[in-house]
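A.B. asks: File name input.cif; file contents mmCIF, C-alpha atoms and all ligand atoms; full text below.
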```
data_protein
#
loop_
_atom_site.label_atom_id
_atom_site.label_comp_id
_atom_site.auth_asym_id
_atom_site.auth_seq_id
_atom_site.Cartn_x
_atom_site.Cartn_y
_atom_site.Cartn_z
CA MET U 1 -25.79 4.21 -17.75
CA ALA U 2 -25.38 7.66 -16.26
CA GLY U 3 -22.11 9.08 -14.96
CA ILE U 4 -21.24 10.34 -11.50
CA LYS U 5 -20.65 13.76 -10.00
CA ILE U 6 -18.57 14.33 -6.90
CA ILE U 7 -20.39 17.14 -5.12
CA GLY U 8 -18.60 17.10 -1.77
CA THR U 9 -15.37 15.85 -0.23
CA GLY U 10 -13.80 15.68 3.22
CA LYS U 11 -10.62 14.68 4.99
CA TYR U 12 -9.47 13.92 8.53
CA VAL U 13 -5.95 13.12 9.70
CA PRO U 14 -4.78 12.59 13.31
CA GLU U 15 -2.65 15.28 14.92
CA THR U 16 0.40 13.14 15.70
CA VAL U 17 2.97 13.18 12.92
CA SER U 18 5.97 10.84 12.70
CA THR U 19 9.05 11.82 10.71
CA ASN U 20 11.63 9.57 9.07
CA GLU U 21 14.00 10.68 11.80
CA ASP U 22 11.57 9.22 14.40
CA PHE U 23 11.84 5.83 12.70
CA THR U 24 15.64 5.82 12.95
CA LYS U 25 15.11 5.55 16.73
CA ILE U 26 13.09 2.32 16.52
CA VAL U 27 14.48 0.41 13.49
CA ASP U 28 17.68 0.31 11.44
CA THR U 29 16.75 2.85 8.76
CA SER U 30 17.55 6.37 7.57
CA ASP U 31 15.78 9.42 6.21
CA GLU U 32 17.80 8.95 3.02
CA TRP U 33 16.63 5.34 2.46
CA ILE U 34 12.96 6.11 3.15
CA THR U 35 12.95 9.28 1.03
CA GLN U 36 14.74 7.74 -1.95
CA ARG U 37 12.94 4.39 -1.93
CA THR U 38 9.42 5.59 -1.10
CA GLY U 39 9.11 9.39 -1.34
CA ILE U 40 7.66 9.48 2.20
CA LYS U 41 8.75 12.12 4.71
CA THR U 42 5.98 12.12 7.33
CA ARG U 43 2.78 10.24 8.26
CA HIS U 44 -0.14 11.09 10.51
CA MET U 45 -0.72 8.38 13.11
CA SER U 46 -3.80 7.62 15.16
CA ASP U 47 -3.86 9.03 18.67
CA GLY U 48 -6.41 6.37 19.47
CA GLU U 49 -9.10 7.72 17.17
CA PRO U 50 -11.13 4.73 16.00
CA SER U 51 -11.85 4.32 12.29
CA TRP U 52 -15.53 5.23 12.72
CA TYR U 53 -14.49 8.56 14.29
CA MET U 54 -12.19 9.48 11.41
CA GLY U 55 -14.86 8.40 8.93
CA MET U 56 -17.46 10.49 10.75
CA LYS U 57 -15.23 13.59 10.66
CA ALA U 58 -14.39 13.27 6.96
CA GLY U 59 -17.99 12.32 6.13
CA ALA U 60 -19.46 15.33 7.94
CA GLN U 61 -17.16 17.64 6.00
CA ALA U 62 -18.08 15.96 2.70
CA ILE U 63 -21.83 16.36 3.37
CA GLU U 64 -21.37 19.99 4.38
CA SER U 65 -19.22 20.82 1.35
CA ALA U 66 -21.89 19.24 -0.87
CA GLY U 67 -24.40 21.69 0.60
CA LEU U 68 -26.55 18.79 1.79
CA SER U 69 -27.98 17.77 5.14
CA PRO U 70 -27.42 14.24 6.53
CA ASP U 71 -30.94 13.21 5.59
CA ASP U 72 -30.20 13.85 1.92
CA ILE U 73 -27.88 10.81 1.98
CA ASP U 74 -29.53 7.60 0.75
CA MET U 75 -26.63 5.17 1.05
CA VAL U 76 -23.32 4.97 2.93
CA ILE U 77 -20.41 2.89 1.67
CA CYS U 78 -17.38 2.45 3.92
CA THR U 79 -14.13 1.14 2.42
CA SER U 80 -12.09 0.60 5.59
CA VAL U 81 -9.97 -2.53 5.93
CA THR U 82 -9.35 -1.54 9.54
CA GLY U 83 -12.87 -1.44 10.95
CA ASP U 84 -13.22 -1.20 14.71
CA TYR U 85 -15.50 -4.25 15.01
CA TYR U 86 -16.09 -7.50 13.12
CA THR U 87 -19.73 -6.43 13.34
CA PRO U 88 -21.45 -4.00 13.01
CA ALA U 89 -20.16 -2.55 9.77
CA THR U 90 -18.15 0.66 10.20
CA ALA U 91 -20.54 2.24 7.68
CA ASN U 92 -23.42 1.66 10.12
CA ILE U 93 -21.60 3.37 12.98
CA VAL U 94 -20.68 6.35 10.77
CA GLN U 95 -24.27 6.58 9.54
CA GLY U 96 -25.59 6.63 13.11
CA LYS U 97 -23.03 9.17 14.34
CA LEU U 98 -23.80 11.49 11.41
CA ASN U 99 -27.56 11.29 12.09
CA ILE U 100 -28.24 10.03 8.60
CA HIS U 101 -31.76 8.56 8.73
CA HIS U 102 -33.52 6.39 6.11
CA ALA U 103 -30.28 5.35 4.41
CA PHE U 104 -28.70 1.91 4.10
CA SER U 105 -25.03 1.22 4.79
CA ILE U 106 -22.49 -1.25 3.48
CA ASP U 107 -18.85 -2.03 4.22
CA ILE U 108 -16.64 -3.27 1.40
CA ASN U 109 -13.16 -4.75 1.75
CA CYS U 110 -11.21 -3.88 -1.38
CA ALA U 111 -7.98 -2.87 0.37
CA CYS U 112 -6.17 0.13 -1.05
CA ALA U 113 -8.39 0.13 -4.15
CA GLY U 114 -11.46 0.54 -1.93
CA PHE U 115 -12.41 4.04 -3.04
CA VAL U 116 -12.27 3.13 -6.74
CA TYR U 117 -14.45 0.06 -6.10
CA ALA U 118 -16.87 2.07 -3.93
CA LEU U 119 -17.22 4.75 -6.58
CA ASP U 120 -17.96 2.10 -9.17
CA MET U 121 -20.53 0.50 -6.88
CA ALA U 122 -22.07 3.91 -6.17
CA ARG U 123 -22.39 4.63 -9.86
CA ARG U 124 -24.19 1.34 -10.43
CA TYR U 125 -26.68 2.07 -7.60
CA LEU U 126 -27.18 5.60 -8.93
CA SER U 127 -27.85 4.25 -12.41
CA VAL U 128 -30.68 1.95 -11.34
CA GLY U 129 -33.95 3.69 -10.59
CA GLU U 130 -34.61 6.79 -8.59
CA ASP U 131 -34.43 5.57 -4.98
CA VAL U 132 -30.74 6.42 -4.49
CA GLN U 133 -29.80 10.04 -5.22
CA ASN U 134 -26.83 10.82 -2.99
CA ILE U 135 -24.22 8.37 -1.75
CA LEU U 136 -21.65 9.04 0.96
CA ILE U 137 -18.40 7.12 0.57
CA VAL U 138 -16.19 7.14 3.66
CA SER U 139 -12.66 5.75 3.68
CA PRO U 140 -11.20 5.80 7.20
CA GLU U 141 -8.07 3.76 7.87
CA ASN U 142 -6.24 2.84 11.07
CA ILE U 143 -3.57 0.95 9.17
CA THR U 144 -0.89 1.55 11.80
CA LYS U 145 -2.62 -0.88 14.19
CA LEU U 146 -1.74 -3.64 11.69
CA VAL U 147 1.89 -2.57 11.44
CA ASP U 148 4.73 -4.48 13.10
CA TYR U 149 7.06 -1.71 14.29
CA THR U 150 10.02 -4.11 14.37
CA ASP U 151 9.79 -4.75 10.61
CA ARG U 152 11.65 -1.91 8.89
CA SER U 153 10.51 -2.90 5.40
CA THR U 154 6.83 -2.18 6.16
CA CYS U 155 6.65 0.04 9.25
CA VAL U 156 7.96 3.18 7.55
CA LEU U 157 5.31 3.04 4.82
CA PHE U 158 1.96 3.52 6.55
CA GLY U 159 -0.11 6.27 8.14
CA ASP U 160 -3.70 6.81 9.34
CA GLY U 161 -6.51 9.10 8.24
CA ALA U 162 -9.77 9.32 6.34
CA GLY U 163 -11.17 10.70 3.12
CA ALA U 164 -14.81 10.96 2.08
CA ALA U 165 -16.92 12.00 -0.88
CA VAL U 166 -20.58 12.60 -1.68
CA VAL U 167 -21.52 11.27 -5.09
CA THR U 168 -24.60 11.84 -7.19
CA ARG U 169 -25.78 11.05 -10.72
CA SER U 170 -24.71 13.07 -13.77
CA GLU U 171 -24.91 12.93 -17.54
CA GLY U 172 -21.12 12.99 -17.97
CA PHE U 173 -19.19 9.91 -19.09
CA TYR U 174 -17.95 7.27 -16.66
CA HIS U 175 -16.01 4.08 -17.43
CA SER U 176 -14.08 1.66 -15.29
CA TYR U 177 -11.94 -1.43 -15.36
CA LEU U 178 -11.81 -3.60 -12.23
CA GLU U 179 -9.96 -6.88 -11.74
CA THR U 180 -8.78 -9.08 -8.89
CA ASP U 181 -6.18 -11.83 -8.86
CA GLY U 182 -6.92 -13.99 -5.84
CA SER U 183 -3.91 -16.18 -6.57
CA GLY U 184 -1.89 -13.29 -5.12
CA ALA U 185 -3.85 -13.21 -1.85
CA ASP U 186 -0.73 -14.29 0.04
CA LYS U 187 1.24 -11.21 -1.06
CA ILE U 188 -0.34 -8.91 1.56
CA TYR U 189 -2.37 -10.18 4.49
CA ALA U 190 -3.25 -9.63 8.12
CA GLN U 191 -4.82 -12.49 10.05
CA SER U 192 -8.09 -12.30 12.02
CA ALA U 193 -8.94 -14.42 15.10
CA ARG U 194 -8.46 -18.13 14.42
CA PRO U 195 -11.46 -20.47 14.39
CA GLY U 196 -12.28 -22.21 17.66
CA ASN U 197 -14.89 -22.43 20.39
CA ALA U 198 -15.66 -24.25 23.63
CA PHE U 199 -16.39 -27.51 21.77
CA THR U 200 -13.65 -27.42 19.13
CA ASN U 201 -11.90 -30.74 18.51
CA ARG U 202 -8.32 -29.51 18.93
CA GLU U 203 -6.82 -32.47 17.10
CA LYS U 204 -9.04 -31.94 14.08
CA ALA U 205 -8.44 -28.20 14.22
CA GLU U 206 -4.70 -28.85 13.89
CA SER U 207 -5.35 -30.60 10.56
CA PHE U 208 -6.55 -27.37 9.00
CA LYS U 209 -3.29 -25.91 7.84
CA GLU U 210 -2.74 -22.17 7.75
CA LEU U 211 -3.65 -20.89 4.30
CA PHE U 212 -0.74 -18.46 4.36
CA PRO U 213 2.56 -18.76 6.22
CA GLN U 214 1.99 -18.11 9.92
CA GLY U 215 1.99 -14.34 10.30
CA LYS U 216 3.19 -12.48 13.38
CA GLU U 217 0.00 -12.14 15.48
CA HIS U 218 -2.48 -9.94 13.60
CA TYR U 219 0.23 -7.85 11.93
CA MET U 220 0.36 -7.17 8.22
CA TYR U 221 2.68 -9.27 6.09
CA MET U 222 3.71 -7.89 2.71
CA ALA U 223 5.91 -9.27 -0.08
CA GLY U 224 7.01 -5.75 -1.02
CA ASN U 225 8.90 -6.56 -4.21
CA ASP U 226 6.08 -8.71 -5.64
CA VAL U 227 3.51 -6.01 -4.88
CA TYR U 228 5.79 -3.40 -6.43
CA ARG U 229 6.00 -5.38 -9.69
CA PHE U 230 2.25 -6.01 -9.67
CA ALA U 231 1.47 -2.33 -9.12
CA THR U 232 3.77 -0.96 -11.79
CA THR U 233 2.22 -3.18 -14.48
CA LYS U 234 -1.41 -3.27 -13.34
CA MET U 235 -1.90 0.46 -12.70
CA PRO U 236 -1.09 1.38 -16.33
CA GLU U 237 -3.13 -1.61 -17.58
CA ALA U 238 -6.23 -0.61 -15.61
CA LEU U 239 -6.01 3.02 -16.69
CA GLU U 240 -5.54 2.10 -20.34
CA LYS U 241 -8.48 -0.30 -20.26
CA ALA U 242 -10.81 2.19 -18.55
CA CYS U 243 -9.79 4.93 -21.02
CA ALA U 244 -10.24 2.59 -24.01
CA LYS U 245 -13.88 2.05 -22.94
CA ALA U 246 -14.28 5.83 -22.95
CA GLY U 247 -12.75 6.06 -26.44
CA PHE U 248 -9.54 7.88 -25.47
CA THR U 249 -6.11 7.20 -23.97
CA PRO U 250 -4.60 8.11 -20.57
CA ALA U 251 -2.82 11.02 -22.31
CA ASP U 252 -6.25 12.65 -22.72
CA LEU U 253 -6.88 12.71 -18.95
CA ASP U 254 -6.51 16.11 -17.25
CA ILE U 255 -5.51 14.62 -13.91
CA ILE U 256 -4.72 11.13 -12.63
CA ILE U 257 -5.07 10.30 -8.94
CA PRO U 258 -3.13 7.11 -8.19
CA HIS U 259 -3.07 5.13 -4.95
CA GLN U 260 -0.18 6.49 -2.86
CA ALA U 261 1.87 3.44 -1.88
CA ASN U 262 5.30 4.46 -3.08
CA ALA U 263 6.36 7.49 -5.15
CA ARG U 264 8.58 5.20 -7.22
CA ILE U 265 5.58 3.05 -8.18
CA ILE U 266 3.82 6.17 -9.49
CA THR U 267 6.91 7.39 -11.38
CA THR U 268 7.38 3.96 -12.99
CA ALA U 269 3.67 3.76 -13.90
CA ALA U 270 3.92 7.22 -15.49
CA LYS U 271 6.98 6.12 -17.45
CA ASN U 272 5.22 2.93 -18.60
CA LEU U 273 2.30 5.07 -19.78
CA LYS U 274 4.72 7.56 -21.40
CA LEU U 275 3.05 10.37 -19.46
CA PRO U 276 4.64 13.34 -17.67
CA MET U 277 4.52 13.28 -13.85
CA GLU U 278 2.56 16.57 -13.96
CA LYS U 279 -0.54 14.55 -14.84
CA PHE U 280 -0.31 12.66 -11.53
CA TYR U 281 -1.32 14.07 -8.16
CA VAL U 282 1.11 12.90 -5.48
CA ASN U 283 0.93 13.73 -1.76
CA ILE U 284 2.62 10.63 -0.31
CA GLU U 285 5.42 12.78 1.11
CA HIS U 286 3.06 14.03 3.85
CA TYR U 287 0.90 10.98 4.62
CA GLY U 288 2.58 7.74 3.55
CA ASN U 289 0.22 4.95 2.51
CA ILE U 290 -3.25 5.27 4.15
CA SER U 291 -4.76 2.43 2.13
CA SER U 292 -8.25 3.29 0.83
CA ALA U 293 -8.09 6.82 2.30
CA CYS U 294 -5.34 7.93 -0.10
CA ILE U 295 -7.43 8.59 -3.21
CA PRO U 296 -10.33 10.47 -1.53
CA ILE U 297 -7.84 12.61 0.43
CA CYS U 298 -6.14 13.50 -2.87
CA LEU U 299 -9.55 14.30 -4.40
CA HIS U 300 -10.36 16.57 -1.46
CA GLU U 301 -7.04 18.39 -1.68
CA LEU U 302 -7.43 18.94 -5.42
CA ARG U 303 -10.95 20.31 -4.95
CA GLU U 304 -9.83 22.58 -2.11
CA ALA U 305 -6.98 23.90 -4.26
CA GLY U 306 -9.43 24.67 -7.10
CA ARG U 307 -7.56 22.31 -9.39
CA LEU U 308 -10.62 20.42 -10.63
CA HIS U 309 -12.86 22.10 -13.19
CA SER U 310 -16.22 21.18 -14.63
CA GLY U 311 -15.69 18.97 -17.68
CA ASP U 312 -12.19 17.79 -16.64
CA LYS U 313 -11.39 14.20 -17.47
CA VAL U 314 -10.36 12.60 -14.17
CA GLY U 315 -8.73 9.18 -13.72
CA LEU U 316 -8.51 7.27 -10.43
CA VAL U 317 -6.36 4.15 -10.18
CA GLY U 318 -5.79 1.86 -7.23
CA PHE U 319 -4.26 -1.50 -6.31
CA GLY U 320 -3.69 -3.46 -3.16
CA ALA U 321 -4.16 -6.60 -1.10
CA GLY U 322 -6.17 -9.26 -2.83
CA LEU U 323 -4.41 -8.77 -5.13
CA ILE U 324 -6.77 -6.19 -6.49
CA PHE U 325 -6.58 -3.36 -8.96
CA GLY U 326 -8.89 -1.02 -10.83
CA ALA U 327 -9.33 2.34 -12.48
CA CYS U 328 -12.21 4.62 -13.30
CA VAL U 329 -12.31 7.63 -15.58
CA PHE U 330 -15.10 10.20 -15.47
CA GLU U 331 -16.11 13.70 -16.39
CA TYR U 332 -15.79 16.00 -13.40
O1 LIG Y 401 -0.77 -0.28 -0.82
C1 LIG Y 401 -0.25 -1.48 -1.29
C2 LIG Y 401 0.70 -2.05 -0.32
N1 LIG Y 401 2.08 -1.75 -0.40
C3 LIG Y 401 2.85 -1.49 -1.46
O2 LIG Y 401 2.41 -1.25 -2.51
C4 LIG Y 401 4.34 -1.54 -1.32
C5 LIG Y 401 5.02 -2.02 -2.57
N2 LIG Y 401 6.44 -2.22 -2.38
C6 LIG Y 401 7.32 -1.21 -2.16
O3 LIG Y 401 6.93 -0.07 -2.11
C7 LIG Y 401 8.80 -1.54 -2.01
O4 LIG Y 401 9.00 -2.87 -2.44
C8 LIG Y 401 9.34 -1.35 -0.56
C9 LIG Y 401 9.34 0.12 -0.19
C10 LIG Y 401 8.48 -2.15 0.42
C11 LIG Y 401 10.77 -1.87 -0.47
O5 LIG Y 401 11.59 -1.13 -1.39
P1 LIG Y 401 12.63 -1.86 -2.34
O6 LIG Y 401 13.33 -0.84 -3.10
O7 LIG Y 401 11.81 -2.89 -3.11
O8 LIG Y 401 13.61 -2.54 -1.34
P2 LIG Y 401 13.92 -4.08 -1.10
O9 LIG Y 401 12.78 -4.75 -0.42
O10 LIG Y 401 14.41 -4.69 -2.38
O11 LIG Y 401 15.12 -4.02 -0.09
C12 LIG Y 401 16.41 -3.46 -0.46
C13 LIG Y 401 17.25 -3.36 0.79
C14 LIG Y 401 17.27 -4.64 1.63
O12 LIG Y 401 18.55 -4.78 2.19
P3 LIG Y 401 19.60 -5.82 1.56
O13 LIG Y 401 18.92 -7.16 1.65
O14 LIG Y 401 19.82 -5.37 0.16
O15 LIG Y 401 20.78 -5.66 2.45
C15 LIG Y 401 16.29 -4.34 2.73
O16 LIG Y 401 16.54 -5.08 3.91
O17 LIG Y 401 16.74 -2.34 1.65
C16 LIG Y 401 16.57 -2.88 2.96
N3 LIG Y 401 15.47 -2.17 3.61
C17 LIG Y 401 15.67 -1.04 4.33
N4 LIG Y 401 16.78 -0.34 4.60
C18 LIG Y 401 16.66 0.77 5.35
C19 LIG Y 401 14.15 -2.48 3.63
N5 LIG Y 401 13.49 -1.56 4.35
C20 LIG Y 401 14.40 -0.67 4.79
C21 LIG Y 401 14.32 0.50 5.56
N6 LIG Y 401 15.47 1.19 5.82
N7 LIG Y 401 13.15 0.96 6.06
#
```
Before we go any further, please render this structure as structure tokens.
C.D. replies:
Amino acid sequence: MAGIKIIGTGKYVPETVSTNEDFTKIVDTSDEWITQRTGIKTRHMSDGEPSWYMGMKAGAQAIESAGLSPDDIDMVICTSVTGDYYTPATANIVQGKLNIHHAFSIDINCACAGFVYALDMARRYLSVGEDVQNILIVSPENITKLVDYTDRSTCVLFGDGAGAAVVTRSEGFYHSYLETDGSGADKIYAQSARPGNAFTNREKAESFKELFPQGKEHYMYMAGNDVYRFATTKMPEALEKACAKAGFTPADLDIIIPHQANARIITTAAKNLKLPMEKFYVNIEHYGNISSACIPICLHELREAGRLHSGDKVGLVGFGAGLIFGACVFEY
């Protein structure tokens, strides 16, 4: 199977920025606690921009930076877990707003690992036949609408924004390792509308117990410590397994872009891999955790800074609700 080439990237973040100091006014916390325990200083937060809008902005920039026109895009994959509608797919709205004709669009829900899973899916479409040449991946997230701002252990962690990339086929290497552990589905969740209609038998409905403990409205619940442990073991495991398929080790990678959930998770993963922190790109200080948007925003920033060179060995590694994790390594 062929590899992938990232030929364009884009990013959009809302204008409003919240500082750690801002959070001390709404919950019992401090700049010191947030900085030491998470590495986060600020986050961009939606001023009402819907996810499709952020995806459209980042997507337009990615197409332009690839030197393509919208009609060169054959497929759109959107990774948002915070779509604006149950239906249609956010990918469809972004496709329409970007005037991309003759393409097909798909939403995937792979939480914070969404970009890694989308890239892997893109590569598989690109590898089969000639009908798909250029794929736009958009990762817009409005995570803050799922956040309970009375819960200090989660509210300080998240921000909003979007990343995007245009991907095409290449002859370079590409390998991945993806895995989900559905038995950990109760470790992070946010509930959708409950089943029911005009004819629902209320008594019978009561017999269907909640799968997970009753959450607070639609807000996100997270067992932070369990996810922390999961992330610090599974990120190294996924990277090692993807590299092994490529015939090298994580030490051979030029740059590793990890999901940005907590700076301490990244430091611990680096230690477990016996790698220096210089190999890891970290921007969590400015954005907090933007779920699937984190990795493509990092990619965009690295490209803009001229830090990615042809032939570089790049590693992406993500984890999140599901529980889900995965890594891919490829020649830039
Ligand atoms: O993208 C994937 C989704 N999310 C994640 O990956 C998050 C993974 N988990 C984490 O990053 C960390 O577990 C957290 C940042 C959520 C929590 O950090 P921690 O070092 O694991 O803290 P903890 O939950 O063990 O709590 C330690 C203490 C507790 O107080 P007591 O019980 O020791 O008195 C908490 O109540 O820190 C307290 N605490 C806070 N204190 C000040 C929790 N949140 C805060 C806060 N400010 N914001």
A.B. asks: For a test of reading the model, state the distance in Å between CA of Gly182 (chain U) and CA of Ile257 (chain U), rounded to one decimal.
C.D. replies: 24.6 Å
A.B. asks: Would you give me, as JSON lines, each residue of chain U having an atom within 8 Å of an atom of ligand LIG 401 (chain Y), along with its shortest atom pair and that distance in Å to one decimal, using all atoms listed in the file and sorting by chain and residue number?
C.D. replies:
```
{"residue": "U:Val27", "atom": "CA", "partner": "Y:LIG401", "partner_atom": "N7", "distance": 7.6}
{"residue": "U:Asp28", "atom": "CA", "partner": "Y:LIG401", "partner_atom": "N6", "distance": 6.1}
{"residue": "U:Thr29", "atom": "CA", "partner": "Y:LIG401", "partner_atom": "N6", "distance": 3.6}
{"residue": "U:Ser30", "atom": "CA", "partner": "Y:LIG401", "partner_atom": "N6", "distance": 5.8}
{"residue": "U:Trp33", "atom": "CA", "partner": "Y:LIG401", "partner_atom": "C18", "distance": 5.4}
{"residue": "U:Ile34", "atom": "CA", "partner": "Y:LIG401", "partner_atom": "N7", "distance": 5.9}
{"residue": "U:Arg37", "atom": "CA", "partner": "Y:LIG401", "partner_atom": "O6", "distance": 5.4}
{"residue": "U:Thr38", "atom": "CA", "partner": "Y:LIG401", "partner_atom": "C9", "distance": 5.5}
{"residue": "U:Ala111", "atom": "CA", "partner": "Y:LIG401", "partner_atom": "O1", "distance": 7.8}
{"residue": "U:Cys112", "atom": "CA", "partner": "Y:LIG401", "partner_atom": "O1", "distance": 5.4}
{"residue": "U:Asp151", "atom": "CA", "partner": "Y:LIG401", "partner_atom": "N5", "distance": 7.9}
{"residue": "U:Arg152", "atom": "CA", "partner": "Y:LIG401", "partner_atom": "N7", "distance": 4.3}
{"residue": "U:Ser153", "atom": "CA", "partner": "Y:LIG401", "partner_atom": "N5", "distance": 3.4}
{"residue": "U:Thr154", "atom": "CA", "partner": "Y:LIG401", "partner_atom": "C10", "distance": 6.0}
{"residue": "U:Cys155", "atom": "CA", "partner": "Y:LIG401", "partner_atom": "N7", "distance": 7.3}
{"residue": "U:Val156", "atom": "CA", "partner": "Y:LIG401", "partner_atom": "N7", "distance": 5.8}
{"residue": "U:Leu157", "atom": "CA", "partner": "Y:LIG401", "partner_atom": "C9", "distance": 7.1}
{"residue": "U:Ile188", "atom": "CA", "partner": "Y:LIG401", "partner_atom": "C2", "distance": 7.2}
{"residue": "U:Met222", "atom": "CA", "partner": "Y:LIG401", "partner_atom": "N1", "distance": 7.1}
{"residue": "U:Ala223", "atom": "CA", "partner": "Y:LIG401", "partner_atom": "N2", "distance": 7.4}
{"residue": "U:Gly224", "atom": "CA", "partner": "Y:LIG401", "partner_atom": "O4", "distance": 3.8}
{"residue": "U:Asn225", "atom": "CA", "partner": "Y:LIG401", "partner_atom": "O4", "distance": 4.1}
{"residue": "U:Asp226", "atom": "CA", "partner": "Y:LIG401", "partner_atom": "O4", "distance": 7.3}
{"residue": "U:Val227", "atom": "CA", "partner": "Y:LIG401", "partner_atom": "C5", "distance": 4.9}
{"residue": "U:Tyr228", "atom": "CA", "partner": "Y:LIG401", "partner_atom": "C5", "distance": 4.2}
{"residue": "U:Arg229", "atom": "CA", "partner": "Y:LIG401", "partner_atom": "C5", "distance": 7.9}
{"residue": "U:Ala231", "atom": "CA", "partner": "Y:LIG401", "partner_atom": "O2", "distance": 6.8}
{"residue": "U:His259", "atom": "CA", "partner": "Y:LIG401", "partner_atom": "O1", "distance": 7.2}
{"residue": "U:Gln260", "atom": "CA", "partner": "Y:LIG401", "partner_atom": "O1", "distance": 7.1}
{"residue": "U:Ala261", "atom": "CA", "partner": "Y:LIG401", "partner_atom": "O1", "distance": 4.7}
{"residue": "U:Asn262", "atom": "CA", "partner": "Y:LIG401", "partner_atom": "O3", "distance": 4.9}
{"residue": "U:Arg264", "atom": "CA", "partner": "Y:LIG401", "partner_atom": "O3", "distance": 7.5}
{"residue": "U:Ile265", "atom": "CA", "partner": "Y:LIG401", "partner_atom": "O3", "distance": 7.0}
{"residue": "U:Asn289", "atom": "CA", "partner": "Y:LIG401", "partner_atom": "O1", "distance": 6.3}
{"residue": "U:Ile290", "atom": "CA", "partner": "Y:LIG401", "partner_atom": "O1", "distance": 7.9}
{"residue": "U:Ser291", "atom": "CA", "partner": "Y:LIG401", "partner_atom": "O1", "distance": 5.7}
{"residue": "U:Phe319", "atom": "CA", "partner": "Y:LIG401", "partner_atom": "C1", "distance": 6.4}
{"residue": "U:Gly320", "atom": "CA", "partner": "Y:LIG401", "partner_atom": "C1", "distance": 4.4}
{"residue": "U:Ala321", "atom": "CA", "partner": "Y:LIG401", "partner_atom": "C1", "distance": 6.4}
```
A.B. asks: Which residues are near Thr42 (chain U)? Cut-off 6 Å, only C-alpha atoms, ignore same chain within fewer than 6 positions. Put them as a list of chain:residue names.
C.D. replies: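 Near Thr42 (chain U), the qualifying residues are U:Ser18, U:Thr19, U:His286, U:Tyr287.
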A.B. asks: Write to file, as a CSV table (one decimal), in the frame of the given file, the residues of the selection just made, with C-alpha atoms.
C.D. replies:
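Saved to selection.csv:
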```csv
chain,number,residue,atom,x,y,z
U,18,SER,CA,6.0,10.8,12.7
U,19,THR,CA,9.0,11.8,10.7
U,286,HIS,CA,3.1,14.0,3.8
U,287,TYR,CA,0.9,11.0,4.6
```
A.B. asks: Quick one: distance from CA of Glu171 (chain U) to CA of Gly311 (chain U) in Å, one decimal?
C.D. replies: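 Taking CA of Glu171 (chain U) and CA of Gly311 (chain U), their separation equals 11.0 Å.
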A.B. asks: Any idea what the distance is between CA of Leu323 (chain U) and CA of Glu141 (chain U)?
C.D. replies: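 Going from CA of Leu323 (chain U) over to CA of Glu141 (chain U), I get 18.4 Å.
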A.B. asks: I'd like the contact shell of Ala58 (chain U) - 7 Å cut-off, all atoms listed in the file, skipping same-chain residues fewer than 3 positions apart - returned as number ranges by chain.
C.D. replies: U: 10-12, 54-55, 61-62, 162-164
A.B. asks: Go through U:Ser207, U:Asn99, U:Ser65, U:Gln36 one by one, measure the shortest atom-to-atom distance of each to Arg303 (chain U) using only C-alpha atoms, and give the residue with the smallest value.
C.D. replies: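 Among the listed residues, the smallest separation from Arg303 (chain U) belongs to U:Ser65.
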A.B. asks: Find the residues near region 235-237 of chain U: any atom within 7 Å, counting all atoms listed in the file, skip ones fewer than 2 places away on the same chain, and give them as a ChimeraX atom specification.
C.D. replies: /U:231-233,239-241,269,272-273,317-318
A.B. asks: Within 8 Å of His309 (chain U), counting only C-alpha atoms, which residues qualify if same-chain residues fewer than 3 places away don't, as a compact mmCIF listing (two decimals) with C-alpha atoms, in the frame of the given file?
C.D. replies:
```txt
# COMPACT_ATOMS: atom_id res chain seq x y z
CA GLY U 306 -9.43 24.67 -7.10
CA ASP U 312 -12.19 17.79 -16.64
CA TYR U 332 -15.79 16.00 -13.40
```
A.B. asks: Counting only C-alpha atoms, I want the residues whose atoms come within 9 Å of (-28.1, 14.6, -11.5) in the file frame, returned as a PyMOL selection string.
C.D. replies: chain U and resi 2-5+133+168-171
A.B. asks: Write a file of the selected residues as a PDB file, keeping the file's coordinate frame, keeping C-alpha atoms.
C.D. replies:
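Final file, part_3.pdb:
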```
ATOM      1  CA  ALA U   2     -25.380   7.660 -16.260  1.00  0.00           C
ATOM      2  CA  GLY U   3     -22.110   9.080 -14.960  1.00  0.00           C
ATOM      3  CA  ILE U   4     -21.240  10.340 -11.500  1.00  0.00           C
ATOM      4  CA  LYS U   5     -20.650  13.760 -10.000  1.00  0.00           C
ATOM      5  CA  GLN U 133     -29.800  10.040  -5.220  1.00  0.00           C
ATOM      6  CA  THR U 168     -24.600  11.840  -7.190  1.00  0.00           C
ATOM      7  CA  ARG U 169     -25.780  11.050 -10.720  1.00  0.00           C
ATOM      8  CA  SER U 170     -24.710  13.070 -13.770  1.00  0.00           C
ATOM      9  CA  GLU U 171     -24.910  12.930 -17.540  1.00  0.00           C
TER      10      GLU U 171
END
```
